[in-house]
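A.B. asks: Below: one structure in structure tokens.
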Amino acid sequence: MGNLVADAMLDRVRGQGIQIAIQNGGGLRASIDKGPVTMGEIYTVLPFQNTLATFRLKGADVIAALENGASQYEEAAGRFAQVAGLKYTIDPAAPANSRISEVQVQDDNGTWGPIDPAATYGVVSNNYMRGGGDGYHVFGSNATDVYDFGPDLADVLATYMQVLAGGYTPVIDGRITVK
């Protein structure tokens with residue numbers, strides 16, 4: 001579900017110069033069974049009526065956000081970052097705030113490259129996280145060019161799933177690697 005929702009978020013705003021989607025795992029409350037999908041099932045997955053929020057963030061702050069997401073990994077906390085346009089490695093045995101490595105960003109041509117801590121990236125998340133929810137304070141304090149009033153995330157997912165006319169098959173595709 002994390003991949004699907006993050007992909008839907010990024011797809012919705014990619015034409016706006018957004019390269020990275022970050023969704024908190026705790027915002028995903030269910031899975032979707034195989035077969036036809038109803039809007040009710042989508043609302044079960046995304047019950048909080050969160051909206052898309054877009055902003056710009058330095059690469060160093062993106063890494064800090066990923067560290068926040070991994071800070072309570074052993075507790076399976078809801079802050080864990082599900083991503084699109086981004087991939088990273090987590091070492092759960094490392095101390096909090098030093099668990100993330102090998103962060104890469106996908107460019108418009110589909111090529112992966114290391115994140116530049118000094119560069120600014122377009123990010124999409126949800127309004128809860130953008131406001132600092134689940135410990136993502138870096139989104140609230142360091143984001144620039146903020147727009148918090150995007151469409152409802154459930155509607156974004158429903159629209160994206162309609163575009164996937166051939167259906168969706170969940171896969172683990174290496175976005176997040178655990179050491």
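Ligands are numbered from 1 in the order shown, residues from 1 within each chain, and chains are lettered A, B, ... in the order they appear in the structure tokens.
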Using only C-alpha atoms, I'd like a table of the residues in segment 65-85 of chain A that come within 12 Å of segment 139-153 of chain A; for each, show the closest atom pair and its distance in Å rounded to one decimal, ordered by chain and ascending number, as CSV.
C.D. replies:
```
residue,atom,partner,partner_atom,distance
A:Ala65,CA,A:Phe139,CA,7.7
A:Leu66,CA,A:Phe139,CA,11.3
A:Asn68,CA,A:Phe139,CA,11.1
```
A.B. asks: Could you list, as a PyMOL selection string, every residue within 10 Å of Gly167 of chain A, counting only C-alpha atoms and ignoring same-chain residues fewer than 4 positions away?
C.D. replies: chain A and resi 34-37+161-163
A.B. asks: Using only C-alpha atoms, determine which residues lie at most 7 Å from segment 106-118 of chain A, disregarding the query and same-chain residues fewer than 4 positions distant; provide the list as a PyMOL selection string.
C.D. replies: chain A and resi 58-60+85-86
A.B. asks: Please dump the current selection as a short mmCIF file (atom, residue, chain, number, x, y, z; two decimals), in the first residue's frame; keep all heavy atoms.
C.D. replies:
```cif
data_model
loop_
_atom_site.label_atom_id
_atom_site.label_comp_id
_atom_site.auth_asym_id
_atom_site.auth_seq_id
_atom_site.Cartn_x
_atom_site.Cartn_y
_atom_site.Cartn_z
N LYS A 58 15.44 21.20 1.16
CA LYS A 58 16.84 20.86 0.88
C LYS A 58 17.04 19.35 1.05
O LYS A 58 16.36 18.71 1.85
CB LYS A 58 17.78 21.60 1.85
CG LYS A 58 17.78 23.08 1.70
CD LYS A 58 18.66 23.49 0.56
CE LYS A 58 18.80 24.99 0.50
NZ LYS A 58 19.37 25.44 -0.73
N GLY A 59 17.99 18.81 0.30
CA GLY A 59 18.29 17.38 0.38
C GLY A 59 18.63 16.95 1.80
O GLY A 59 18.24 15.87 2.25
N ALA A 60 19.38 17.78 2.53
CA ALA A 60 19.72 17.45 3.92
C ALA A 60 18.47 17.30 4.77
O ALA A 60 18.41 16.45 5.66
CB ALA A 60 20.65 18.52 4.50
N GLY A 85 9.87 8.16 -6.05
CA GLY A 85 10.87 9.07 -6.58
C GLY A 85 12.12 9.13 -5.74
O GLY A 85 13.00 9.94 -5.97
N LEU A 86 12.19 8.27 -4.77
CA LEU A 86 13.26 8.26 -3.79
C LEU A 86 13.50 6.81 -3.39
O LEU A 86 12.56 6.01 -3.34
CB LEU A 86 12.79 9.06 -2.57
CG LEU A 86 13.75 9.42 -1.47
CD1 LEU A 86 14.78 10.44 -1.97
CD2 LEU A 86 12.99 10.01 -0.30
#
```
A.B. asks: Can you work out the spacing between atom CA of Ala94 of chain A and atom CA of Gly2 of chain A in Å, to one decimal?
C.D. replies: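 Rounded to one decimal, the two atoms are 23.5 Å apart.
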A.B. asks: Rounded to one decimal in Å, what is the spacing between atom CA of Tyr128 of chain A and atom CA of Lys179 of chain A?
C.D. replies: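 The value is 29.3 Å.
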A.B. asks: Between A:Thr38, A:Thr54, A:Gln82, A:Thr44, single out the one closest to Asn24 of chain A, counting only C-alpha atoms.
C.D. replies: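 Residue with the minimum atom-to-atom distance to Asn24 of chain A: A:Gln82.
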A.B. asks: Using only C-alpha atoms for the distances, tell me which of A:Ile100, A:Ile176, A:Ala53, A:Ala154 is nearest to Leu28 of chain A.
C.D. replies: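 Using only C-alpha atoms, the shortest distance to Leu28 of chain A belongs to A:Ala154.
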A.B. asks: For Ile22 of chain A, list every protein, DNA or RNA residue within 8 Å, evaluated using only C-alpha atoms, and leave out those in the same chain fewer than 6 positions away; present the list as a PyMOL selection string.
C.D. replies: chain A and resi 6+81-84+123-125
A.B. asks: Taking only C-alpha atoms into account, name the residue in A:Glu67, A:Asp134, A:Asp33, A:Glu75 that is nearest to Val103 of chain A.
C.D. replies: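 Distance minimum relative to Val103 of chain A lands on A:Glu67.
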A.B. asks: Rounded to one decimal, what separation in Å do you get between atom CA of Tyr43 of chain A and atom CA of Leu4 of chain A?
C.D. replies: 14.4 Å
A.B. asks: Residues near Pro92 of chain A, anyone? I mean within 10 Å using only C-alpha atoms, not counting same-chain ones fewer than 4 positions away, as JSON, numbers by chain.
C.D. replies: {"A": [70, 71, 72, 73, 74, 96, 98, 99, 100, 178, 179]}
A.B. asks: For Thr177 of chain A, work out the shell of residues within 10 Å, counting only C-alpha atoms and skipping chain neighbours fewer than 4 positions away, then give it as a ChimeraX atom specification.
C.D. replies: /A:87-91,100-102,172-173
A.B. asks: Would you please give, as an NGL selection string, all residues of segment 26-155 of chain A that DSSP assigns to strand (DSSP E or B) based on the backbone?
C.D. replies: :A and (51-58 or 81-84 or 86-90 or 100-106 or 112-114 or 120-126 or 144-147 or 152)
A.B. asks: Run DSSP on the backbone of this structure and report the residues of segment 141-179 of chain A it assigns to helix (DSSP H, G or I), as a list in words.
C.D. replies: Ser141, Asn142, Leu153, Ala154, Asp155, Val156, Leu157, Ala158, Thr159, Tyr160, Met161, Gln162 and Val163 of chain A
A.B. asks: Could the residues in this selection be saved with N, CA and C atoms as a PDB file, in the first residue's frame?
C.D. replies:
```pdb
ATOM      1  N   SER A 141       9.125  23.465   9.604  1.00  0.00           N
ATOM      2  CA  SER A 141      10.077  24.543   9.868  1.00  0.00           C
ATOM      3  C   SER A 141      10.934  24.929   8.667  1.00  0.00           C
ATOM      4  N   ASN A 142      11.259  23.994   7.784  1.00  0.00           N
ATOM      5  CA  ASN A 142      12.226  24.277   6.723  1.00  0.00           C
ATOM      6  C   ASN A 142      11.646  24.290   5.313  1.00  0.00           C
ATOM      7  N   LEU A 153      -6.389  13.005  -0.337  1.00  0.00           N
ATOM      8  CA  LEU A 153      -5.516  11.892  -0.705  1.00  0.00           C
ATOM      9  C   LEU A 153      -6.303  10.671  -1.176  1.00  0.00           C
ATOM     10  N   ALA A 154      -7.459  10.426  -0.608  1.00  0.00           N
ATOM     11  CA  ALA A 154      -8.282   9.290  -1.049  1.00  0.00           C
ATOM     12  C   ALA A 154      -8.738   9.490  -2.496  1.00  0.00           C
ATOM     13  N   ASP A 155      -9.092  10.707  -2.858  1.00  0.00           N
ATOM     14  CA  ASP A 155      -9.488  10.983  -4.240  1.00  0.00           C
ATOM     15  C   ASP A 155      -8.303  10.830  -5.191  1.00  0.00           C
ATOM     16  N   VAL A 156      -7.126  11.239  -4.748  1.00  0.00           N
ATOM     17  CA  VAL A 156      -5.910  11.084  -5.558  1.00  0.00           C
ATOM     18  C   VAL A 156      -5.655   9.608  -5.826  1.00  0.00           C
ATOM     19  N   LEU A 157      -5.776   8.779  -4.796  1.00  0.00           N
ATOM     20  CA  LEU A 157      -5.557   7.335  -4.966  1.00  0.00           C
ATOM     21  C   LEU A 157      -6.611   6.734  -5.891  1.00  0.00           C
ATOM     22  N   ALA A 158      -7.865   7.109  -5.714  1.00  0.00           N
ATOM     23  CA  ALA A 158      -8.942   6.567  -6.559  1.00  0.00           C
ATOM     24  C   ALA A 158      -8.706   6.921  -8.027  1.00  0.00           C
ATOM     25  N   THR A 159      -8.344   8.154  -8.296  1.00  0.00           N
ATOM     26  CA  THR A 159      -8.081   8.582  -9.669  1.00  0.00           C
ATOM     27  C   THR A 159      -6.902   7.818 -10.256  1.00  0.00           C
ATOM     28  N   TYR A 160      -5.851   7.670  -9.477  1.00  0.00           N
ATOM     29  CA  TYR A 160      -4.667   6.944  -9.941  1.00  0.00           C
ATOM     30  C   TYR A 160      -5.007   5.488 -10.258  1.00  0.00           C
ATOM     31  N   MET A 161      -5.810   4.858  -9.417  1.00  0.00           N
ATOM     32  CA  MET A 161      -6.170   3.465  -9.646  1.00  0.00           C
ATOM     33  C   MET A 161      -7.041   3.319 -10.896  1.00  0.00           C
ATOM     34  N   GLN A 162      -7.837   4.314 -11.215  1.00  0.00           N
ATOM     35  CA  GLN A 162      -8.635   4.277 -12.452  1.00  0.00           C
ATOM     36  C   GLN A 162      -7.736   4.321 -13.676  1.00  0.00           C
ATOM     37  N   VAL A 163      -6.636   5.054 -13.579  1.00  0.00           N
ATOM     38  CA  VAL A 163      -5.686   5.156 -14.689  1.00  0.00           C
ATOM     39  C   VAL A 163      -4.970   3.824 -14.911  1.00  0.00           C
TER      40      VAL A 163
END
```
A.B. asks: Find the residue from A:Gln16, A:Phe80, A:Arg175, A:Val45 that sits nearest to Ala30 of chain A; use only C-alpha atoms when measuring.
C.D. replies: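 Using only C-alpha atoms, the shortest distance to Ala30 of chain A belongs to A:Val45.
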A.B. asks: Go through A:Arg56, A:Pro47, A:Gly15, A:Ile32 one by one, measure the shortest atom-to-atom distance of each to Arg130 of chain A using only C-alpha atoms, and give the residue with the smallest value.
C.D. replies: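 Smallest distance to Arg130 of chain A is found for A:Arg56.
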